[in-house]
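See below for final-v2.cif, which holds mmCIF, C-alpha atoms.
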```cif
data_start
#
loop_
_atom_site.label_atom_id
_atom_site.label_comp_id
_atom_site.auth_asym_id
_atom_site.auth_seq_id
_atom_site.Cartn_x
_atom_site.Cartn_y
_atom_site.Cartn_z
CA MET A 1 151.40 78.90 101.33
CA LYS A 2 149.84 77.44 98.23
CA LEU A 3 149.33 73.69 98.05
CA ASP A 4 151.20 71.60 95.53
CA LYS A 5 149.20 71.05 92.32
CA GLU A 6 149.67 67.28 92.40
CA LEU A 7 148.37 67.11 95.96
CA VAL A 8 145.35 69.20 95.04
CA GLY A 9 144.74 67.09 91.91
CA ALA A 10 144.73 63.89 93.95
CA GLY A 11 142.11 65.17 96.36
CA THR A 12 139.83 67.11 94.02
CA SER A 13 137.14 64.44 93.63
CA LEU A 14 136.97 64.06 97.36
CA LEU A 15 136.77 67.82 97.74
CA VAL A 16 133.85 68.03 95.31
CA LEU A 17 132.01 65.17 96.99
CA SER A 18 132.57 66.86 100.38
CA ALA A 19 131.14 70.14 99.12
CA LEU A 20 128.12 68.41 97.57
CA ALA A 21 127.55 66.45 100.78
CA ARG A 22 127.01 69.74 102.53
CA GLU A 23 124.68 71.18 99.91
CA ALA A 24 123.45 70.34 96.42
CA THR A 25 124.54 73.06 94.09
CA TYR A 26 125.72 73.89 90.57
CA GLY A 27 129.28 74.35 89.30
CA TYR A 28 129.77 78.05 89.82
CA ARG A 29 128.35 78.04 93.34
CA LEU A 30 130.34 74.93 94.23
CA ILE A 31 133.57 76.65 93.26
CA LYS A 32 132.66 79.74 95.24
CA ALA A 33 131.91 77.63 98.30
CA VAL A 34 135.19 75.72 98.03
CA ASN A 35 137.19 78.88 97.40
CA ALA A 36 135.65 80.52 100.44
CA GLU A 37 136.88 77.62 102.58
CA ALA A 38 140.24 77.32 100.83
CA ASP A 39 141.11 80.95 101.51
CA GLY A 40 143.75 81.06 98.78
CA LEU A 41 145.32 77.72 99.71
CA PHE A 42 145.18 76.61 96.07
CA GLU A 43 144.28 77.95 92.66
CA TRP A 44 141.52 76.24 90.80
CA GLN A 45 141.17 76.41 87.06
CA GLU A 46 137.40 76.66 87.18
CA GLY A 47 136.70 74.85 83.92
CA THR A 48 138.44 71.74 85.22
CA LEU A 49 135.61 71.25 87.74
CA TYR A 50 133.21 70.09 85.03
CA PRO A 51 135.16 67.04 83.85
CA ILE A 52 135.37 65.99 87.51
CA LEU A 53 131.63 66.47 88.05
CA HIS A 54 130.85 64.56 84.87
CA LYS A 55 133.20 61.73 85.86
CA LEU A 56 131.56 61.49 89.28
CA GLU A 57 128.19 61.43 87.58
CA ARG A 58 129.25 58.57 85.30
CA GLN A 59 130.44 56.71 88.39
CA LYS A 60 126.98 57.33 89.88
CA LEU A 61 128.54 59.14 92.84
CA VAL A 62 126.54 62.24 91.97
CA ARG A 63 123.46 62.92 89.91
CA SER A 64 122.45 66.09 88.14
CA GLN A 65 119.23 67.93 87.49
CA TRP A 66 118.43 71.10 85.63
CA GLN A 67 116.49 73.52 87.76
CA THR A 68 115.98 77.21 88.24
CA ALA A 69 118.50 78.80 90.57
CA ASP A 70 117.69 81.64 92.96
CA THR A 71 119.02 84.00 90.28
CA GLY A 72 116.15 82.91 88.07
CA ARG A 73 118.40 81.14 85.60
CA ARG A 74 118.44 77.48 84.69
CA ARG A 75 121.41 75.73 86.23
CA LYS A 76 122.50 72.12 86.42
CA TYR A 77 122.46 71.15 90.05
CA TYR A 78 124.51 68.25 91.36
CA TYR A 79 123.42 66.01 94.20
CA ILE A 80 125.54 63.48 95.98
CA THR A 81 124.12 59.96 95.81
CA ALA A 82 124.16 57.27 98.51
CA LYS A 83 126.98 55.60 96.62
CA GLY A 84 128.73 58.95 96.57
CA ARG A 85 128.39 59.33 100.37
CA GLU A 86 129.80 55.87 100.82
CA ALA A 87 132.72 56.67 98.50
CA LEU A 88 133.24 59.93 100.35
CA GLY A 89 133.41 58.11 103.70
CA GLN A 90 135.90 55.62 102.34
CA GLY A 91 137.93 58.34 100.64
CA VAL A 92 138.11 60.44 103.81
CA ALA A 93 139.18 57.40 105.80
CA GLN A 94 141.89 56.58 103.28
CA TRP A 95 142.99 60.17 103.20
CA ASN A 96 143.22 60.24 106.99
CA GLN A 97 145.29 57.06 106.98
CA TRP A 98 147.54 58.47 104.32
CA HIS A 99 147.85 61.73 106.24
CA ALA A 100 148.57 59.89 109.52
CA MET A 101 151.25 57.80 107.87
CA ILE A 102 152.99 60.84 106.44
CA VAL A 103 152.82 62.67 109.77
CA LYS A 104 154.16 59.60 111.54
CA LEU A 105 157.02 59.12 109.10
CA ALA A 106 157.86 62.79 109.03
CA GLY A 107 157.77 62.91 112.83
CA ALA A 108 160.11 59.89 113.07
CA GLU A 109 162.44 61.51 110.59
CA GLN A 110 162.50 64.81 112.49
CA GLY A 111 162.56 63.21 115.92
CA MET B 112 123.30 93.94 87.06
CA ASP B 113 120.78 91.22 86.21
CA ASN B 114 121.42 90.57 82.57
CA LEU B 115 124.26 90.66 80.13
CA ASN B 116 123.91 92.50 76.86
CA ALA B 117 123.48 90.52 73.66
CA GLU B 118 127.07 91.06 72.58
CA THR B 119 128.56 89.70 75.80
CA GLU B 120 126.09 86.86 75.86
CA SER B 121 127.00 85.91 72.33
CA ALA B 122 130.73 86.06 73.13
CA LEU B 123 130.24 83.81 76.14
CA ARG B 124 128.20 81.34 74.12
CA LYS B 125 130.94 81.29 71.53
CA LEU B 126 133.50 80.65 74.27
CA ALA B 127 131.47 77.78 75.67
CA GLY B 128 130.88 76.50 72.14
CA GLU B 129 134.61 76.13 71.60
CA ILE B 130 134.50 73.08 73.86
CA GLY B 131 132.96 70.23 71.93
CA VAL B 132 133.01 66.63 73.10
CA ALA B 133 130.34 64.64 71.33
CA ASN B 134 127.44 65.72 69.17
CA ASP B 135 124.77 64.23 71.39
CA LEU B 136 126.29 65.72 74.56
CA ASP B 137 127.49 69.11 73.37
CA PRO B 138 124.28 71.17 73.74
CA GLU B 139 123.92 70.20 77.38
CA ILE B 140 127.61 70.56 78.24
CA GLN B 141 127.78 73.89 76.49
CA GLU B 142 124.67 75.14 78.25
CA GLU B 143 126.22 74.18 81.59
CA LEU B 144 129.53 75.85 80.77
CA TYR B 145 127.73 78.91 79.47
CA GLY B 146 125.88 79.13 82.78
CA HIS B 147 129.18 79.14 84.63
CA LEU B 148 130.67 81.82 82.41
CA GLU B 149 127.54 83.92 82.72
CA ASP B 150 127.57 83.70 86.52
CA LYS B 151 131.24 84.51 86.65
CA THR B 152 130.86 87.54 84.42
CA LEU B 153 127.84 88.80 86.33
CA GLY B 154 129.76 88.19 89.55
CA TYR B 155 132.54 90.46 88.34
CA LEU B 156 130.09 93.11 87.20
CA SER B 157 128.18 93.12 90.49
CA GLY B 158 131.33 93.09 92.59
CA GLU B 159 130.41 89.73 94.07
CA GLU B 160 133.58 88.31 92.55
CA SER B 161 136.64 90.01 93.98
CA LEU B 162 139.63 90.45 91.73
CA SER B 163 142.80 88.70 92.77
CA GLN B 164 146.15 90.03 91.56
CA GLY B 165 146.21 87.23 89.02
CA ASP B 166 142.76 88.25 87.73
CA ALA B 167 143.82 91.88 87.56
CA LEU B 168 146.94 90.88 85.66
CA LEU B 169 144.84 88.89 83.20
CA LEU B 170 142.51 91.83 82.65
CA THR B 171 145.41 94.24 82.25
CA ARG B 172 147.06 91.94 79.73
CA GLU B 173 143.83 91.54 77.83
CA HIS B 174 143.14 95.27 77.75
CA PHE B 175 146.72 96.00 76.79
CA GLY B 176 146.29 94.00 73.59
CA ASP B 177 148.36 91.52 71.66
CA ARG B 178 151.95 92.17 72.65
CA ARG B 179 153.40 90.64 69.50
CA MET B 180 151.26 92.84 67.32
CA LEU B 181 152.11 95.89 69.40
CA ARG B 182 155.82 95.14 69.14
CA GLU B 183 155.43 94.74 65.39
CA PHE B 184 153.63 98.09 65.09
CA LEU B 185 156.16 99.87 67.27
CA SER B 186 159.12 98.45 65.43
CA GLN B 187 157.51 99.45 62.14
CA VAL B 188 156.98 103.01 63.36
CA HIS B 189 160.47 103.35 64.78
CA TYR B 190 162.09 101.48 61.93
CA ALA B 191 160.67 103.99 59.49
CA SER B 192 161.76 106.91 61.64
CA ALA B 193 165.24 105.51 62.18
CA THR B 194 165.63 104.64 58.54
CA VAL B 195 164.74 108.13 57.39
CA HIS B 196 167.14 109.63 59.89
CA LEU B 197 169.86 107.11 59.11
CA GLY B 198 169.19 107.47 55.40
CA ARG B 199 169.88 111.20 55.58
CA ARG B 200 173.04 110.64 57.55
CA LEU B 201 174.26 108.06 55.08
CA ALA B 202 173.39 110.28 52.12
CA ALA B 203 175.44 113.06 53.71
CA ALA B 204 178.36 110.66 54.20
CA ALA B 205 178.12 109.66 50.54
CA VAL B 206 178.00 113.27 49.32
CA LEU B 207 181.05 114.13 51.41
CA LEU B 208 182.93 111.07 50.19
CA LEU B 209 182.27 111.99 46.58
CA ALA B 210 183.09 115.66 47.16
CA LEU B 211 186.42 114.84 48.76
CA GLY B 212 187.11 112.45 45.91
CA LEU B 213 186.48 115.27 43.43
CA ILE B 214 188.83 117.58 45.28
CA LEU B 215 191.63 115.08 45.70
CA LYS B 216 191.36 113.44 42.29
CA PRO B 217 192.98 116.37 40.41
CA LEU B 218 195.70 116.59 43.05
CA ARG B 219 196.51 112.93 42.55
CA ALA B 220 196.39 113.29 38.77
CA ALA B 221 198.75 116.27 38.99
CA GLY B 222 201.13 114.32 41.21
CA LEU B 223 201.14 111.39 38.79
CA VAL B 224 201.68 113.62 35.77
CA LEU B 225 204.57 115.42 37.42
CA SER B 226 206.22 112.26 38.65
CA SER B 227 205.96 110.69 35.21
CA TYR B 228 208.29 113.36 33.89
CA ALA B 229 210.84 112.68 36.61
CA SER B 230 213.47 109.95 36.49
CA VAL B 231 212.51 106.38 37.36
CA ALA B 232 214.32 106.51 40.69
CA VAL B 233 212.61 109.76 41.72
CA SER B 234 209.24 108.56 40.45
CA GLN B 235 209.50 105.34 42.45
CA ILE B 236 209.85 107.36 45.62
CA VAL B 237 207.60 110.34 44.90
CA THR B 238 204.58 108.51 43.42
CA PRO B 239 203.84 106.17 46.37
CA LEU B 240 204.53 108.96 48.85
CA VAL B 241 202.17 111.35 47.06
CA THR B 242 199.49 108.65 46.89
CA PHE B 243 199.96 107.82 50.56
CA ALA B 244 199.86 111.50 51.62
CA LEU B 245 196.69 112.08 49.61
CA CYS B 246 195.06 108.95 51.06
CA CYS B 247 195.93 110.12 54.58
CA LEU B 248 194.56 113.57 53.81
CA PHE B 249 191.39 112.00 52.41
CA VAL B 250 190.73 109.71 55.39
CA VAL B 251 191.60 112.31 58.03
CA SER B 252 189.54 115.07 56.38
CA TYR B 253 186.64 112.69 55.92
CA PHE B 254 186.67 111.65 59.56
CA MET B 255 187.13 115.18 60.88
CA ILE B 256 184.25 116.62 58.86
CA LEU B 257 181.90 113.81 59.86
CA ARG B 258 182.99 114.23 63.46
CA ARG B 259 182.12 117.91 63.25
CA TRP B 260 178.68 117.08 61.87
CA ARG B 261 178.17 114.54 64.64
CA VAL B 262 178.94 117.18 67.24
CA GLN B 263 176.37 119.44 65.55
CA LEU B 264 173.79 116.69 65.73
CA LYS B 265 174.52 116.03 69.40
CA SER B 266 174.24 119.71 70.26
CA GLU B 267 170.77 119.77 68.66
CA ARG B 268 171.93 122.04 65.85
CA GLU B 269 170.36 120.97 62.60
CA PRO B 270 173.00 120.35 59.94
CA TRP B 271 172.25 120.83 56.25
CA PHE B 272 171.44 117.17 55.61
CA GLU B 273 168.69 117.33 58.23
CA ARG B 274 167.24 120.55 56.85
CA TRP B 275 167.22 119.66 53.16
CA SER B 276 164.30 117.85 51.62
CA ALA B 277 164.84 114.21 50.74
CA GLN B 278 164.51 115.03 47.02
CA LYS B 279 167.15 117.74 47.18
CA LEU B 280 169.52 115.48 49.07
CA LEU B 281 169.00 112.69 46.57
CA ALA B 282 169.50 115.01 43.61
CA VAL B 283 172.80 116.26 45.03
CA LEU B 284 173.92 112.73 45.71
CA VAL B 285 173.12 111.49 42.21
CA SER B 286 174.65 114.49 40.43
CA MET B 287 177.75 114.34 42.61
CA SER B 288 178.07 110.67 41.86
CA LEU B 289 177.79 111.18 38.09
CA PHE B 290 180.10 114.17 38.17
CA ASN B 291 182.65 112.16 40.10
CA MET B 292 182.47 109.29 37.65
CA PHE B 293 182.79 111.36 34.51
CA ALA B 294 185.22 113.95 35.78
CA VAL B 295 187.78 114.30 33.02
CA LEU B 296 191.27 114.01 34.41
CA PRO B 297 194.59 114.30 32.64
CA LEU B 298 196.83 111.24 32.78
CA SER B 299 200.31 111.10 31.46
CA ALA B 300 201.09 108.78 28.58
CA VAL B 301 204.73 109.76 28.94
CA THR B 302 206.81 107.29 30.85
CA ALA B 303 210.33 108.02 31.86
CA GLY B 304 211.22 104.38 31.66
CA THR B 305 210.07 100.98 32.84
CA ALA B 306 210.92 99.64 36.23
CA SER B 307 209.57 96.95 38.51
CA ASP B 308 207.70 97.98 41.70
CA SER B 309 210.07 99.23 44.36
CA VAL B 310 209.94 98.01 47.97
CA LEU B 311 208.53 101.41 48.96
CA GLU B 312 205.73 101.07 46.41
CA ARG B 313 204.82 97.60 47.68
CA VAL B 314 204.84 98.73 51.32
CA MET B 315 202.81 101.82 50.49
CA ALA B 316 200.28 99.74 48.55
CA SER B 317 199.67 97.68 51.72
CA VAL B 318 199.43 100.78 53.90
CA ILE B 319 197.03 102.42 51.49
CA GLY B 320 194.95 99.21 51.49
CA ILE B 321 194.60 99.54 55.26
CA LEU B 322 193.73 103.22 54.90
CA VAL B 323 191.02 102.39 52.39
CA LEU B 324 189.55 99.98 54.96
CA ALA B 325 189.14 102.98 57.23
CA ILE B 326 186.39 104.39 54.97
CA PRO B 327 183.76 101.68 55.62
CA MET B 328 184.77 101.76 59.29
CA ILE B 329 184.10 105.49 59.35
CA TRP B 330 180.71 104.81 57.74
CA ALA B 331 179.97 102.28 60.49
CA TRP B 332 180.96 104.80 63.15
CA TRP B 333 178.93 107.57 61.50
CA ALA B 334 175.83 105.39 61.20
CA ASP B 335 176.15 104.03 64.71
CA THR B 336 173.24 105.48 66.63
CA PRO B 337 172.43 103.67 69.87
CA PRO B 338 170.33 101.80 70.88
CA ARG B 339 170.07 100.14 67.46
CA ARG B 340 173.81 99.68 67.26
CA ILE B 341 174.30 96.54 65.21
CA HIS B 342 171.47 97.38 62.85
CA ALA B 343 172.82 100.88 62.25
CA VAL B 344 176.40 99.68 61.81
CA LEU B 345 175.41 97.05 59.28
CA THR B 346 173.18 99.50 57.43
CA GLY B 347 176.05 101.98 57.29
CA VAL B 348 178.50 99.44 55.90
CA CYS B 349 175.93 98.11 53.43
CA ALA B 350 175.30 101.66 52.18
CA TRP B 351 179.03 102.16 51.67
CA LEU B 352 179.13 98.83 49.85
CA ALA B 353 176.25 99.84 47.58
CA LEU B 354 177.83 103.21 46.74
CA SER B 355 181.29 101.77 46.07
CA LEU B 356 179.93 98.91 44.00
CA ALA B 357 177.69 101.23 41.99
CA GLN B 358 180.64 103.50 41.24
CA ASN B 359 182.91 100.64 40.26
CA MET B 360 180.33 98.73 38.26
CA LEU B 361 179.29 101.79 36.28
CA GLY B 362 182.94 102.56 35.66
CA LEU B 363 183.40 99.05 34.31
CA LEU B 364 180.34 99.28 32.11
CA LEU B 365 180.61 102.82 30.79
CA GLY B 366 184.31 103.53 30.97
CA ASN B 367 186.08 106.72 32.02
CA PRO B 368 186.72 109.80 29.95
CA THR B 369 190.42 110.57 30.02
CA ILE B 370 192.76 113.23 28.70
CA TRP B 371 196.08 111.73 27.79
CA LEU B 372 199.13 113.96 27.94
CA THR B 373 201.52 112.78 25.25
CA ASP B 374 204.72 114.09 23.70
CA SER B 375 202.68 115.42 20.79
CA GLY B 376 200.06 117.12 22.99
CA MET B 377 196.74 116.25 24.60
CA ARG B 378 194.40 113.48 23.42
CA PHE B 379 190.86 112.91 24.69
CA GLU B 380 189.63 109.37 24.99
CA LEU B 381 186.53 107.75 26.42
CA ARG B 382 188.48 104.82 27.63
CA PRO B 383 186.38 101.75 28.33
CA ALA B 384 187.55 100.36 31.59
CA PHE B 385 186.36 96.92 30.68
CA PHE B 386 188.17 96.08 27.51
CA PHE B 387 189.99 93.03 26.29
CA PRO B 388 191.85 94.12 23.16
CA GLU B 389 194.27 91.22 23.29
CA THR B 390 191.69 88.50 23.12
CA GLU B 391 188.93 90.46 21.37
CA LEU B 392 186.22 88.76 23.35
CA VAL B 393 182.77 88.90 21.80
CA GLY B 394 179.27 87.70 22.60
CA LEU B 395 178.91 85.28 25.47
CA ASP B 396 182.64 85.21 26.12
CA TYR B 397 182.58 88.95 26.64
CA LEU B 398 179.62 88.67 29.04
CA ALA B 399 181.30 85.84 30.93
CA ALA B 400 184.50 87.85 31.28
CA MET B 401 182.48 90.87 32.43
CA ALA B 402 180.60 88.76 35.00
CA SER B 403 183.91 87.44 36.27
CA ALA B 404 185.25 90.99 36.63
CA PHE B 405 182.06 91.99 38.47
CA ARG B 406 182.45 89.07 40.83
CA THR B 407 186.04 90.05 41.58
CA VAL B 408 185.11 93.68 42.30
CA ALA B 409 182.04 92.71 44.33
CA GLY B 410 183.97 90.07 46.28
CA PHE B 411 186.66 92.58 47.18
CA HIS B 412 184.12 95.14 48.38
CA VAL B 413 182.05 92.64 50.33
CA ALA B 414 185.20 91.38 52.04
CA MET B 415 186.22 94.95 52.87
CA GLY B 416 182.76 95.81 54.18
CA GLY B 417 182.51 92.64 56.25
CA LEU B 418 185.97 93.14 57.72
CA ALA B 419 185.26 96.79 58.49
CA ALA B 420 181.95 95.95 60.22
CA ALA B 421 183.55 93.15 62.23
CA LEU B 422 186.47 95.35 63.26
CA TYR B 423 184.18 98.20 64.24
CA ILE B 424 181.80 96.00 66.24
CA ALA B 425 184.66 94.20 67.99
CA GLY B 426 186.49 97.47 68.63
CA SER B 427 183.46 99.20 70.09
CA ALA B 428 182.65 96.15 72.27
CA ILE B 429 186.18 96.20 73.67
CA GLY B 430 185.87 99.96 74.15
CA ARG B 431 182.66 99.52 76.14
CA ARG B 432 184.25 96.86 78.34
CA VAL B 433 187.23 99.09 79.03
CA ARG B 434 184.98 102.06 79.85
CA ALA B 435 182.92 99.84 82.17
CA LEU B 436 186.03 98.73 84.02
CA ALA B 437 187.40 102.25 84.36
CA PRO B 438 186.53 104.00 87.63
CA SER B 439 183.68 106.43 87.18
CA GLY B 440 183.97 110.12 87.74
#
```

Starting from the coordinates I provided, produce the structure as structure tokens.
Amino acid sequence: MKLDKELVGAGTSLLVLSALAREATYGYRLIKAVNAEADGLFEWQEGTLYPILHKLERQKLVRSQWQTADTGRRRKYYYITAKGREALGQGVAQWNQWHAMIVKLAGAEQG
Amino acid sequence: MDNLNAETESALRKLAGEIGVANDLDPEIQEELYGHLEDKTLGYLSGEESLSQGDALLLTREHFGDRRMLREFLSQVHYASATVHLGRRLAAAAVLLLALGLILKPLRAAGLVLSSYASVAVSQIVTPLVTFALCCLFVVSYFMILRRWRVQLKSEREPWFERWSAQKLLAVLVSMSLFNMFAVLPLSAVTAGTASDSVLERVMASVIGILVLAIPMIWAWWADTPPRRIHAVLTGVCAWLALSLAQNMLGLLLGNPTIWLTDSGMRFELRPAFFFPETELVGLDYLAAMASAFRTVAGFHVAMGGLAAALYIAGSAIGRRVRALAPSG
């Protein structure tokens, strides 16, 4: 089952921060890592990652640095900042609350 | 594969360059996007990137080419082919129409001449009946011959209008048309007396009007070559319209040569069909009157053609429905 686009859109920033919290990387590799975990759960228009990364950078949640990748090419690596980790923690907590509320309501409805 | 060739690299840079945000940011953004596109392309080439069905579909679409352009090319190719084929069929229908006209014209003239020597009462009965019989003969023969040719076409036998060169077919059509127009026919100037139109004549005039409508319908049927049904039908009717109008307009402009049979003998006359002796119209008045006559003739033919096409299309649609409802086998 593929996830609803709106649901994916709402959680994309959190998804990117989560991936960067694991490992600093550049856009292409980040998408590959997320896709490997997602296992076809959603479709990602790859270009749309960059506006998200740039927005997170403007919010100082991530920072970027040009460096040479293991392929020998120059790539712009993204690192999560301390502020980013804090935002990630808060975001995950909110998401969990949101998720718990939906499960609770849905359970009450079905029960 | 480690590197892309210069052509691919340039194409990817162009692709990345299509996204511009702000002059001071663009070089960096574009470099980043280019890096992504480069990795993706290399990933595909090395097999690191697996192709999903969606990716494969995209590639297939891209390799297949612009569908709108392809459709345009195909329709051009098949339009030309269909038009040539249809053109030959319509030329054959025109030649047959003119040939039958040439055969039946003297018969009609003879009937009119003979009836003019009879008494008024006899003439009022014989003339409409002769005209009606000849019209029936014309329509039935026309349909039967075309039907025979259609059977030949279906059975893969090549009829004459498929074998002949386009030039030969056109030459026959033009000469037949001119011959038909200038065929000298005797008309009787002798009248046995004057009488108003009888009921039979009025009824027959209506029936003959309906019979004449059958001709453009036969053209529609003859031109109808599925799957381009509507297109072929309309082309067929338009071709009939063009032929009929050309014949009538030229007749109006040039007149018809006629041999008059009078009490004192025969008299030849190139009788202008468009002539206003009573009013002696000249100059612009003459042109205006001529334009008015053209409009009347054209209006009549367009109405006939439109009605014939509509009747044929509606009739064949009903026929298809009925066939679909009928049990198969």

Counting all atoms listed in the file, which residue out of B:Asn116, B:Gly128, B:Glu143, B:Tyr397 sits closest to chain A? B:Glu143

Would you mind telling me which residue in A:Lys83, A:Lys76, A:His54, A:Lys60 lies nearest to chain B when using only C-alpha atoms?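 Ranking A:Lys83, A:Lys76, A:His54, A:Lys60 by distance to chain B, first place goes to A:Lys76.
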
note - CA of Leu322 (chain B) and CA of Val251 (chain B) are separated by 9.8 Å

Expected answer as a list in words: all residues with atoms within 12 Å of (197.2, 113.4, 51.7), all atoms listed in the file: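 In the file's frame, the residues around the point are Leu211, Gly212, Ile214, Leu215, Lys216, Leu218, Arg219, Gly222, Pro239, Leu240, Val241, Thr242, Phe243, Ala244, Leu245, Cys246, Cys247, Leu248, Phe249, Val250, Val251, Ser252, Tyr253, Ile319 and Leu322 of chain B.
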
Show me, as a ChimeraX atom specification, every residue of chain B with an atom at most 8 Å from chain A, counting all atoms listed in the file. /B:143-144,146-147,150-151

Between CA of Asp39 (chain A) and CA of Leu17 (chain A), what is the spacing in Å? 18.8 Å
